[in-house]
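Structure data (compact mmCIF, C-alpha atoms) from entry21.txt:
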```txt
# COMPACT_ATOMS: atom_id res chain seq x y z
CA MET A 423 -24.85 -8.58 72.55
CA SER A 424 -24.50 -5.10 73.96
CA GLN A 425 -26.69 -2.36 72.58
CA GLY A 426 -27.46 1.21 73.44
CA GLN A 427 -30.62 3.00 72.42
CA ILE A 428 -30.40 4.91 69.13
CA THR A 429 -32.02 8.23 69.84
CA GLN A 430 -34.47 9.76 67.38
CA ARG A 431 -33.81 13.35 68.45
CA ILE A 432 -32.87 15.45 65.43
CA ASP A 433 -31.29 18.92 65.55
CA VAL A 434 -31.45 19.82 61.83
CA ILE A 435 -32.62 18.22 58.59
CA VAL A 436 -30.93 18.24 55.18
CA ALA A 437 -33.26 17.75 52.21
CA GLN A 438 -32.69 18.42 48.54
CA ASP A 439 -36.33 19.38 48.07
CA SER A 440 -35.96 22.26 50.58
CA SER A 441 -38.30 20.58 53.09
CA GLY A 442 -35.56 20.70 55.76
CA ASN A 443 -33.23 23.31 57.24
CA TYR A 444 -30.54 22.92 54.56
CA THR A 445 -30.23 21.53 51.04
CA LYS A 446 -26.51 20.70 51.32
CA ILE A 447 -24.83 18.49 53.90
CA SER A 448 -21.76 20.75 54.03
CA ASP A 449 -23.90 23.77 55.00
CA ALA A 450 -25.48 21.85 57.88
CA ILE A 451 -22.06 20.79 59.15
CA LEU A 452 -20.65 24.31 58.93
CA ALA A 453 -23.59 25.61 60.96
CA ALA A 454 -23.26 22.90 63.63
CA PRO A 455 -21.87 23.98 67.01
CA SER A 456 -18.09 23.82 67.40
CA PHE A 457 -16.43 21.77 70.14
CA SER A 458 -19.76 20.34 71.24
CA ARG A 459 -19.59 17.98 74.19
CA LYS A 460 -22.87 16.31 73.32
CA PRO A 461 -24.07 14.69 70.09
CA TYR A 462 -25.48 16.97 67.40
CA TYR A 463 -27.89 15.10 65.13
CA ILE A 464 -28.17 15.86 61.43
CA LYS A 465 -30.86 13.95 59.53
CA ILE A 466 -30.15 13.62 55.80
CA LYS A 467 -33.19 12.81 53.72
CA GLU A 468 -33.23 10.64 50.62
CA GLY A 469 -31.16 11.84 47.67
CA ASN A 470 -27.85 11.64 45.83
CA TYR A 471 -25.76 14.45 47.31
CA THR A 472 -22.90 15.23 44.94
CA GLU A 473 -20.60 17.20 47.22
CA TYR A 474 -17.27 16.94 49.03
CA VAL A 475 -17.88 16.93 52.75
CA VAL A 476 -15.27 17.83 55.36
CA VAL A 477 -16.03 17.49 59.05
CA GLY A 478 -13.46 19.87 60.55
CA GLY A 479 -11.57 19.18 63.74
CA GLU A 480 -13.75 21.64 65.66
CA LYS A 481 -16.98 19.82 64.68
CA THR A 482 -17.00 17.26 67.48
CA ASN A 483 -19.66 14.63 68.22
CA LEU A 484 -21.57 15.01 64.96
CA VAL A 485 -24.09 12.29 64.12
CA LEU A 486 -25.23 11.96 60.50
CA ILE A 487 -28.37 9.84 60.02
CA GLY A 488 -29.48 8.91 56.52
CA ASN A 489 -32.69 7.39 55.17
CA GLY A 490 -31.00 4.06 54.33
CA ILE A 491 -27.86 2.99 52.54
CA ASN A 492 -29.46 2.93 49.09
CA ASN A 493 -31.48 6.08 49.70
CA THR A 494 -29.06 8.66 51.15
CA ILE A 495 -25.89 8.77 49.03
CA ILE A 496 -22.91 11.13 49.26
CA SER A 497 -21.01 10.92 45.99
CA GLY A 498 -17.78 12.30 44.52
CA ASN A 499 -15.30 11.32 41.81
CA LYS A 500 -11.90 12.76 42.70
CA SER A 501 -8.90 10.51 42.02
CA HIS A 502 -5.13 10.47 42.03
CA GLY A 503 -5.04 10.03 38.26
CA ASN A 504 -7.34 12.94 37.52
CA GLY A 505 -5.53 16.02 38.79
CA HIS A 506 -2.51 14.37 40.45
CA LEU A 507 -4.17 14.56 43.85
CA SER A 508 -2.72 12.78 46.87
CA THR A 509 -4.72 9.81 48.13
CA TYR A 510 -5.76 11.95 51.09
CA GLN A 511 -7.15 14.67 48.80
CA THR A 512 -9.41 12.32 46.82
CA ALA A 513 -11.86 11.63 49.67
CA THR A 514 -15.54 12.29 49.00
CA VAL A 515 -16.03 12.63 52.78
CA ALA A 516 -13.22 13.46 55.22
CA ILE A 517 -13.79 13.17 58.97
CA LYS A 518 -11.48 15.18 61.26
CA GLY A 519 -13.88 15.93 64.14
CA PRO A 520 -13.67 13.38 67.00
CA GLY A 521 -16.75 11.48 68.16
CA PHE A 522 -18.23 11.23 64.66
CA VAL A 523 -21.04 8.75 64.01
CA ALA A 524 -22.81 7.90 60.73
CA MET A 525 -25.82 5.63 60.17
CA ASN A 526 -27.77 4.50 57.11
CA ILE A 527 -25.68 6.38 54.52
CA THR A 528 -23.74 5.43 51.38
CA PHE A 529 -20.35 7.07 50.81
CA GLU A 530 -19.07 6.59 47.29
CA ASN A 531 -16.30 7.53 44.90
CA THR A 532 -17.32 6.96 41.28
CA ALA A 533 -13.93 7.72 39.70
CA GLY A 534 -13.79 4.23 38.19
CA PRO A 535 -11.56 1.16 38.05
CA ASP A 536 -9.01 2.15 35.38
CA GLN A 537 -5.37 1.81 36.36
CA GLU A 538 -4.85 5.43 35.31
CA THR A 539 -7.49 6.51 37.83
CA GLY A 540 -5.58 5.02 40.75
CA GLN A 541 -6.47 5.90 44.32
CA ALA A 542 -9.99 7.24 44.83
CA VAL A 543 -11.22 7.39 48.43
CA ALA A 544 -14.93 7.34 49.33
CA LEU A 545 -14.43 8.08 53.04
CA LEU A 546 -11.44 9.10 55.17
CA SER A 547 -11.66 9.09 58.96
CA GLU A 548 -8.78 10.22 61.15
CA VAL A 549 -10.64 10.27 64.46
CA ASP A 550 -12.55 8.16 66.98
CA SER A 551 -15.63 7.31 64.95
CA ALA A 552 -18.36 4.71 64.40
CA PHE A 553 -20.41 3.66 61.39
CA TYR A 554 -23.63 1.63 61.42
CA ARG A 555 -25.38 0.23 58.38
CA CYS A 556 -23.33 2.36 56.03
CA LYS A 557 -22.05 1.51 52.56
CA PHE A 558 -18.64 2.43 51.17
CA VAL A 559 -18.33 2.13 47.39
CA GLY A 560 -15.23 2.56 45.26
CA TYR A 561 -12.46 0.64 43.55
CA GLN A 562 -8.90 1.33 44.71
CA ASP A 563 -8.56 2.71 48.27
CA THR A 564 -12.29 2.96 49.02
CA LEU A 565 -12.11 3.29 52.80
CA TYR A 566 -9.21 5.14 54.47
CA ALA A 567 -9.27 4.31 58.18
CA GLY A 568 -6.47 6.71 59.01
CA ARG A 569 -5.94 6.92 62.76
CA ASN A 570 -7.52 6.51 66.20
CA LYS A 571 -10.29 4.08 67.22
CA GLN A 572 -12.92 3.19 64.64
CA PHE A 573 -15.87 0.78 64.65
CA TYR A 574 -17.86 -0.44 61.64
CA ARG A 575 -20.98 -2.52 62.23
CA GLU A 576 -23.26 -4.08 59.57
CA CYS A 577 -21.59 -2.06 56.83
CA ASP A 578 -21.07 -2.98 53.16
CA ILE A 579 -17.64 -2.22 51.67
CA TYR A 580 -16.91 -2.51 47.94
CA GLY A 581 -13.55 -2.27 46.15
CA THR A 582 -10.77 -3.87 44.15
CA ILE A 583 -7.31 -2.94 45.49
CA ASP A 584 -6.28 -2.03 49.07
CA PHE A 585 -9.85 -0.94 49.63
CA ILE A 586 -9.69 -1.05 53.42
CA PHE A 587 -6.47 0.70 54.41
CA GLY A 588 -4.78 3.05 56.88
CA ASP A 589 -3.46 2.73 60.42
CA ALA A 590 -6.49 3.23 62.64
CA SER A 591 -7.34 0.75 65.38
CA ALA A 592 -10.35 -0.38 63.38
CA VAL A 593 -12.78 -3.22 64.03
CA PHE A 594 -15.23 -4.36 61.36
CA GLN A 595 -18.03 -6.44 62.88
CA ASN A 596 -20.87 -8.20 61.02
CA CYS A 597 -19.91 -6.40 57.78
CA ASN A 598 -20.10 -7.53 54.15
CA ILE A 599 -16.92 -7.03 52.18
CA TYR A 600 -17.43 -7.25 48.43
CA VAL A 601 -14.55 -7.67 45.97
CA ARG A 602 -15.34 -6.05 42.61
CA PHE A 603 -14.21 -7.49 39.29
CA LEU A 604 -13.18 -4.48 37.18
CA GLY A 605 -9.63 -3.14 37.44
CA GLY A 606 -7.17 -6.01 36.92
CA ASN A 607 -6.74 -9.65 37.88
CA VAL A 608 -5.10 -9.21 41.31
CA LYS A 609 -7.29 -8.03 44.19
CA THR A 610 -6.13 -7.06 47.68
CA ILE A 611 -8.73 -6.33 50.33
CA THR A 612 -6.63 -4.70 53.06
CA ALA A 613 -3.43 -2.63 53.21
CA GLU A 614 -2.74 -1.82 56.83
CA GLY A 615 -0.13 0.87 57.48
CA ARG A 616 1.37 0.39 60.96
CA GLU A 617 4.90 1.85 60.95
CA GLU A 618 6.08 1.15 64.51
CA PRO A 619 6.29 -2.19 66.34
CA LYS A 620 4.44 -0.74 69.34
CA GLY A 621 1.87 1.13 67.26
CA ASN A 622 -1.79 0.71 68.21
CA GLY A 623 -3.09 0.37 64.65
CA GLY A 624 -4.62 -2.68 63.06
CA ILE A 625 -7.47 -3.81 60.83
CA ILE A 626 -9.64 -6.39 62.58
CA ILE A 627 -12.34 -8.17 60.57
CA HIS A 628 -14.68 -10.06 62.91
CA ASN A 629 -17.70 -12.19 62.00
CA CYS A 630 -17.89 -10.64 58.56
CA THR A 631 -18.53 -12.08 55.09
CA ILE A 632 -15.89 -11.67 52.38
CA THR A 633 -17.25 -12.54 48.95
CA ALA A 634 -17.45 -11.49 45.30
CA ALA A 635 -19.51 -8.53 44.18
CA GLU A 636 -22.23 -9.15 41.62
CA ASP A 637 -19.99 -8.10 38.71
CA PHE A 638 -17.54 -10.98 39.32
CA PRO A 639 -17.49 -13.55 36.48
CA LYS A 640 -18.41 -17.16 37.15
CA ASP A 641 -15.02 -18.28 35.82
CA ARG A 642 -12.66 -16.90 38.45
CA THR A 643 -9.55 -18.94 37.65
CA SER A 644 -7.62 -15.97 36.23
CA ILE A 645 -8.39 -13.69 39.20
CA LYS A 646 -6.38 -13.82 42.40
CA THR A 647 -7.89 -12.28 45.53
CA TYR A 648 -5.87 -11.81 48.73
CA LEU A 649 -6.91 -10.86 52.25
CA GLY A 650 -4.27 -8.15 52.32
CA ARG A 651 -0.76 -6.92 51.71
CA PRO A 652 1.53 -4.95 54.04
CA TRP A 653 1.54 -1.23 53.24
CA ARG A 654 4.15 -0.67 55.95
CA ASN A 655 6.73 -2.87 57.70
CA TYR A 656 4.65 -3.46 60.86
CA SER A 657 1.33 -3.94 59.10
CA ARG A 658 -1.24 -5.70 61.32
CA THR A 659 -4.40 -7.38 60.08
CA VAL A 660 -6.44 -10.06 61.84
CA ILE A 661 -9.38 -12.02 60.38
CA LEU A 662 -11.59 -13.59 63.07
CA GLN A 663 -14.60 -15.93 62.80
CA THR A 664 -15.32 -14.66 59.28
CA PHE A 665 -16.81 -16.34 56.21
CA LEU A 666 -14.24 -16.43 53.39
CA ASP A 667 -15.70 -17.27 49.99
CA GLU A 668 -13.94 -19.30 47.32
CA ILE A 669 -12.48 -16.17 45.71
CA ILE A 670 -9.73 -16.05 48.37
CA ASP A 671 -6.47 -17.44 46.99
CA PRO A 672 -5.14 -20.46 48.95
CA GLU A 673 -2.01 -18.44 49.86
CA GLY A 674 -4.26 -15.89 51.55
CA TRP A 675 -1.89 -12.94 51.64
CA LEU A 676 0.33 -11.05 49.18
CA GLU A 677 3.75 -9.43 49.51
CA TRP A 678 4.23 -5.70 48.91
CA GLN A 679 7.53 -5.06 47.21
CA GLY A 680 9.97 -3.35 49.59
CA GLN A 681 8.01 -4.15 52.76
CA SER A 682 9.13 -6.80 55.25
CA VAL A 683 6.98 -9.88 55.83
CA ASP A 684 9.02 -10.79 58.92
CA THR A 685 7.93 -7.85 61.08
CA ILE A 686 4.23 -7.75 60.14
CA TYR A 687 1.42 -9.33 62.17
CA TYR A 688 -1.06 -11.16 59.94
CA ALA A 689 -3.34 -13.67 61.62
CA GLU A 690 -6.45 -15.77 61.23
CA TYR A 691 -8.72 -17.40 63.78
CA ASN A 692 -11.55 -19.88 63.30
CA ASN A 693 -12.76 -18.63 59.95
CA ARG A 694 -15.23 -20.55 57.82
CA GLY A 695 -16.19 -21.03 54.18
CA PRO A 696 -14.33 -22.41 51.13
CA GLY A 697 -11.60 -19.74 51.30
CA SER A 698 -10.77 -20.34 54.96
CA ASN A 699 -8.59 -23.44 54.60
CA THR A 700 -5.15 -22.41 55.93
CA THR A 701 -3.12 -25.41 54.72
CA GLY A 702 -2.01 -23.56 51.59
CA ARG A 703 -1.29 -20.25 53.31
CA ILE A 704 2.00 -18.38 52.89
CA ARG A 705 4.81 -19.40 55.25
CA TRP A 706 5.95 -16.03 56.56
CA LYS A 707 7.52 -15.27 59.89
CA GLY A 708 4.88 -12.57 60.34
CA TYR A 709 1.88 -14.84 59.68
CA ARG A 710 0.18 -16.95 62.33
CA ILE A 711 -2.93 -18.98 63.08
CA LEU A 712 -4.23 -17.87 66.46
CA LYS A 713 -5.50 -19.79 69.44
CA ARG A 714 -8.56 -18.43 71.23
CA LEU A 715 -6.63 -16.69 74.01
CA GLU A 716 -4.53 -14.75 71.48
CA ALA A 717 -7.57 -13.96 69.32
CA GLU A 718 -9.34 -12.32 72.28
CA ASN A 719 -6.77 -9.48 72.13
CA PHE A 720 -8.40 -8.32 68.88
CA THR A 721 -12.01 -8.07 70.01
CA VAL A 722 -14.07 -4.87 70.33
CA LYS A 723 -13.54 -4.80 74.07
CA LYS A 724 -9.81 -5.42 74.16
CA PHE A 725 -8.60 -3.81 70.93
CA ILE A 726 -10.60 -0.56 70.88
CA SER A 727 -12.09 -0.50 74.43
CA GLY A 728 -15.44 -0.48 72.66
CA ASP A 729 -17.43 -1.38 75.75
CA LYS A 730 -16.52 2.05 77.13
CA TRP A 731 -17.63 4.26 74.23
CA ILE A 732 -19.78 2.39 71.69
CA PRO A 733 -22.87 2.06 73.97
CA SER A 734 -23.35 5.85 73.96
CA THR A 735 -23.68 5.77 70.14
CA GLY A 736 -26.60 3.35 70.28
CA ILE A 737 -24.85 1.01 67.82
CA PRO A 738 -25.18 -2.71 68.65
CA PHE A 739 -21.98 -4.71 69.17
CA PHE A 740 -20.62 -7.77 70.88
CA PRO A 741 -17.53 -7.18 73.02
CA GLY A 742 -15.78 -10.54 72.71
CA LEU A 743 -15.44 -13.58 70.49
CA LEU A 744 -18.50 -15.58 69.42
```

File written out as structure tokens:
Amino acid sequence: MSQGQITQRIDVIVAQDSSGNYTKISDAILAAPSFSRKPYYIKIKEGNYTEYVVVGGEKTNLVLIGNGINNTIISGNKSHGNGHLSTYQTATVAIKGPGFVAMNITFENTAGPDQETGQAVALLSEVDSAFYRCKFVGYQDTLYAGRNKQFYRECDIYGTIDFIFGDASAVFQNCNIYVRFLGGNVKTITAEGREEPKGNGGIIIHNCTITAAEDFPKDRTSIKTYLGRPWRNYSRTVILQTFLDEIIDPEGWLEWQGQSVDTIYYAEYNNRGPGSNTTGRIRWKGYRILKRLEAENFTVKKFISGDKWIPSTGIPFFPGLL
């Protein structure tokens, strides 16, 4: 395992009880230096912060450090169904400043599971960014990994439909992915949006656990859960060395009406658990079971060059396959 040293230096503190420099996260971000070449550390004390946070493109190398995923919570409830917002506009937190890092924070969208609610994003990141021991809570479209290189380590992600989506080059390592019950009988974990055959995007899930959230009923026969469906024609999603619980449908993957399953890249490698048996998987031209040499292309080191930039964040990682 490679690991940097997480620094304890703090530039400003956000606290709802006025014991810090600011009471709102947004105010601390607005006051942060623009186009900073070095990390700027914002400590966010315990509390439920109901605000919509935007990290602008000029706010580079921000580091937000919470008091723990169940202690520091950033919460919103915007949705597509309530106000006809675009998916993009529903985000509780939107990250547009490169070099962003978050640790020990929950990002949530509480808009709810109703079909009328629709898309409701907890966090959107469009930039090179990393998240450590964070929690992302929502239903449909919880986590929007939009573009650029992104790394998620020891995070918890909750949702029902397409709840990890976008076209970033994103690696999820040692994360827990929880499928929630409310909101219909068909669940899709990922919806990757690569539009070009040579695009860099892809959702890589490595050494994670995919299982049911606590609200799932014991009788799961009427509920179908899939690893993903292709949001765009060149959708790319790879599941590596991951525990797949029994909730995963034997077919594994679901079609998206109007999108090709011939040009996508969906793959699995050496997964484990009752949902990992590939004998019943779909027989698409775009689906494959990888050998080790192929699987190595989707590691932290090879897919997002993580060995070059993650050490400076202090977040632990392993560069290759287990």

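Put simply, CA of Gly568 (chain A) is 28.3 Å away from CA of Glu636 (chain A).
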
Notebook entry, point to check: With only C-alpha atoms as the basis for distance, which of A:Gln679, A:Ser448, A:Asn570, A:Thr643 is at the shortest distance from Ile625 (chain A)?
Noted result: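 Using only C-alpha atoms, Ile625 (chain A) sits closest to A:Asn570.
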
Check: Between A:Glu673, A:Asp578, A:Glu480, A:Asp684, which one has atoms that come closest to Phe558 (chain A), using all atoms listed in the file?
Finding: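 Of all the options, A:Asp578 lies closest to Phe558 (chain A).
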
Margin query: What's around Asn622 (chain A) at 8 Å? Count all atoms listed in the file, leave out sequence neighbours fewer than 2 positions away in its own chain, and write the answer as a PyMOL selection string.
Written below: chain A and resi 590-591+616+620+624

Check: Can you tell me how far CA of Asp433 (chain A) sits from CA of Arg569 (chain A), in Å to one decimal?
Finding: 28.2 Å

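Take the candidates A:Ser644, A:Ser497, A:Gly581, A:Ile632 and check each one against Asn607 (chain A) using only C-alpha atoms; the shortest distance goes to A:Ser644.
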
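Take CA of Glu614 (chain A) and CA of Asn719 (chain A): the distance between them is 17.6 Å.
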
Checklist line | Shortest interatomic distance to Ile670 (chain A) - which of A:Thr633, A:Ser657, A:Lys446, A:Trp706, counting only C-alpha atoms | finding: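 Looking at the shortest contact to Ile670 (chain A), the residue is A:Thr633.
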
Margin query: Could you check the closest approach to Glu618 (chain A) for each of A:Thr664, A:Thr735, A:Asn598, A:Asn655 and tell me which residue wins, using all atoms listed in the file?
Written below: A:Asn655

Can you pull out the residues contacting Thr494 (chain A)? Cut-off 12 Å, using all atoms listed in the file, and skip same-chain residues under 4 positions away; I want them as a PDB file with C-alpha atoms, keeping the file's coordinate frame.
```pdb
ATOM      1  CA  VAL A 436     -30.930  18.240  55.180  1.00  0.00           C
ATOM      2  CA  ALA A 437     -33.260  17.750  52.210  1.00  0.00           C
ATOM      3  CA  GLN A 438     -32.690  18.420  48.540  1.00  0.00           C
ATOM      4  CA  ILE A 447     -24.830  18.490  53.900  1.00  0.00           C
ATOM      5  CA  LYS A 465     -30.860  13.950  59.530  1.00  0.00           C
ATOM      6  CA  ILE A 466     -30.150  13.620  55.800  1.00  0.00           C
ATOM      7  CA  LYS A 467     -33.190  12.810  53.720  1.00  0.00           C
ATOM      8  CA  GLU A 468     -33.230  10.640  50.620  1.00  0.00           C
ATOM      9  CA  GLY A 469     -31.160  11.840  47.670  1.00  0.00           C
ATOM     10  CA  ASN A 470     -27.850  11.640  45.830  1.00  0.00           C
ATOM     11  CA  TYR A 471     -25.760  14.450  47.310  1.00  0.00           C
ATOM     12  CA  THR A 472     -22.900  15.230  44.940  1.00  0.00           C
ATOM     13  CA  LEU A 486     -25.230  11.960  60.500  1.00  0.00           C
ATOM     14  CA  ILE A 487     -28.370   9.840  60.020  1.00  0.00           C
ATOM     15  CA  GLY A 488     -29.480   8.910  56.520  1.00  0.00           C
ATOM     16  CA  ASN A 489     -32.690   7.390  55.170  1.00  0.00           C
ATOM     17  CA  GLY A 490     -31.000   4.060  54.330  1.00  0.00           C
ATOM     18  CA  ALA A 524     -22.810   7.900  60.730  1.00  0.00           C
ATOM     19  CA  MET A 525     -25.820   5.630  60.170  1.00  0.00           C
ATOM     20  CA  ASN A 526     -27.770   4.500  57.110  1.00  0.00           C
ATOM     21  CA  ILE A 527     -25.680   6.380  54.520  1.00  0.00           C
ATOM     22  CA  THR A 528     -23.740   5.430  51.380  1.00  0.00           C
ATOM     23  CA  PHE A 529     -20.350   7.070  50.810  1.00  0.00           C
ATOM     24  CA  GLU A 530     -19.070   6.590  47.290  1.00  0.00           C
ATOM     25  CA  ARG A 555     -25.380   0.230  58.380  1.00  0.00           C
ATOM     26  CA  CYS A 556     -23.330   2.360  56.030  1.00  0.00           C
ATOM     27  CA  LYS A 557     -22.050   1.510  52.560  1.00  0.00           C
TER      28      LYS A 557
END
```

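Using only C-alpha atoms, the smallest distance between any of A:Pro535, A:Val477, A:Pro520, A:Leu715 and Ala453 (chain A) comes from A:Val477.
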
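A search radius of 10 Å centred on (-27.2, -1.2, 62.0), applied to all atoms listed in the file, returns the residues Ile428, Met525, Asn526, Phe553, Tyr554, Arg555, Cys556, Tyr574, Arg575, Glu576, Cys577, Asn596, Cys597, Gly736, Ile737, Pro738 and Phe739 of chain A.
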
Margin query: At a cut-off of 6 Å around the point (-5.3, -8.6, 53.6) (file coordinates), what residues fall inside when counting all atoms listed in the file? I'd like the answer as a list of chain:residue names.
Written below: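 Answer for this query, in the requested form: A:Ile611, A:Thr612, A:Tyr648, A:Leu649, A:Gly650, A:Arg651, A:Trp675.
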
Checklist line | Contact residues around Phe587 (chain A) with only C-alpha atoms at 7 Å, ignoring same-chain residues under 3 positions, as a list in words | finding: Asp563, Leu565, Tyr566, Ala567, Asp584, Thr612, Ala613 and Glu614 of chain A

With 8 Å on each side, where is the centre of the axis-aligned box around all listed atoms of region 594-609 of chain A, and how long are its edges in Å to one decimal, as AutoDock Vina command-line options?
```
--center_x -13.0 --center_y -6.4 --center_z 49.9 --size_x 31.8 --size_y 22.5 --size_z 42.0
```

Name all residues at most 10 Å from Gly498 (chain A) (count all atoms listed in the file; drop same-chain ones fewer than 3 positions away) and give them as a PDB file with C-alpha atoms, keeping the file's coordinate frame.
```pdb
ATOM      1  CA  TYR A 471     -25.760  14.450  47.310  1.00  0.00           C
ATOM      2  CA  THR A 472     -22.900  15.230  44.940  1.00  0.00           C
ATOM      3  CA  GLU A 473     -20.600  17.200  47.220  1.00  0.00           C
ATOM      4  CA  TYR A 474     -17.270  16.940  49.030  1.00  0.00           C
ATOM      5  CA  VAL A 475     -17.880  16.930  52.750  1.00  0.00           C
ATOM      6  CA  ILE A 495     -25.890   8.770  49.030  1.00  0.00           C
ATOM      7  CA  SER A 501      -8.900  10.510  42.020  1.00  0.00           C
ATOM      8  CA  THR A 512      -9.410  12.320  46.820  1.00  0.00           C
ATOM      9  CA  ALA A 513     -11.860  11.630  49.670  1.00  0.00           C
ATOM     10  CA  THR A 514     -15.540  12.290  49.000  1.00  0.00           C
ATOM     11  CA  VAL A 515     -16.030  12.630  52.780  1.00  0.00           C
ATOM     12  CA  PHE A 529     -20.350   7.070  50.810  1.00  0.00           C
ATOM     13  CA  GLU A 530     -19.070   6.590  47.290  1.00  0.00           C
ATOM     14  CA  ASN A 531     -16.300   7.530  44.900  1.00  0.00           C
ATOM     15  CA  THR A 532     -17.320   6.960  41.280  1.00  0.00           C
ATOM     16  CA  ALA A 533     -13.930   7.720  39.700  1.00  0.00           C
ATOM     17  CA  ALA A 542      -9.990   7.240  44.830  1.00  0.00           C
ATOM     18  CA  VAL A 543     -11.220   7.390  48.430  1.00  0.00           C
ATOM     19  CA  ALA A 544     -14.930   7.340  49.330  1.00  0.00           C
TER      20      ALA A 544
END
```
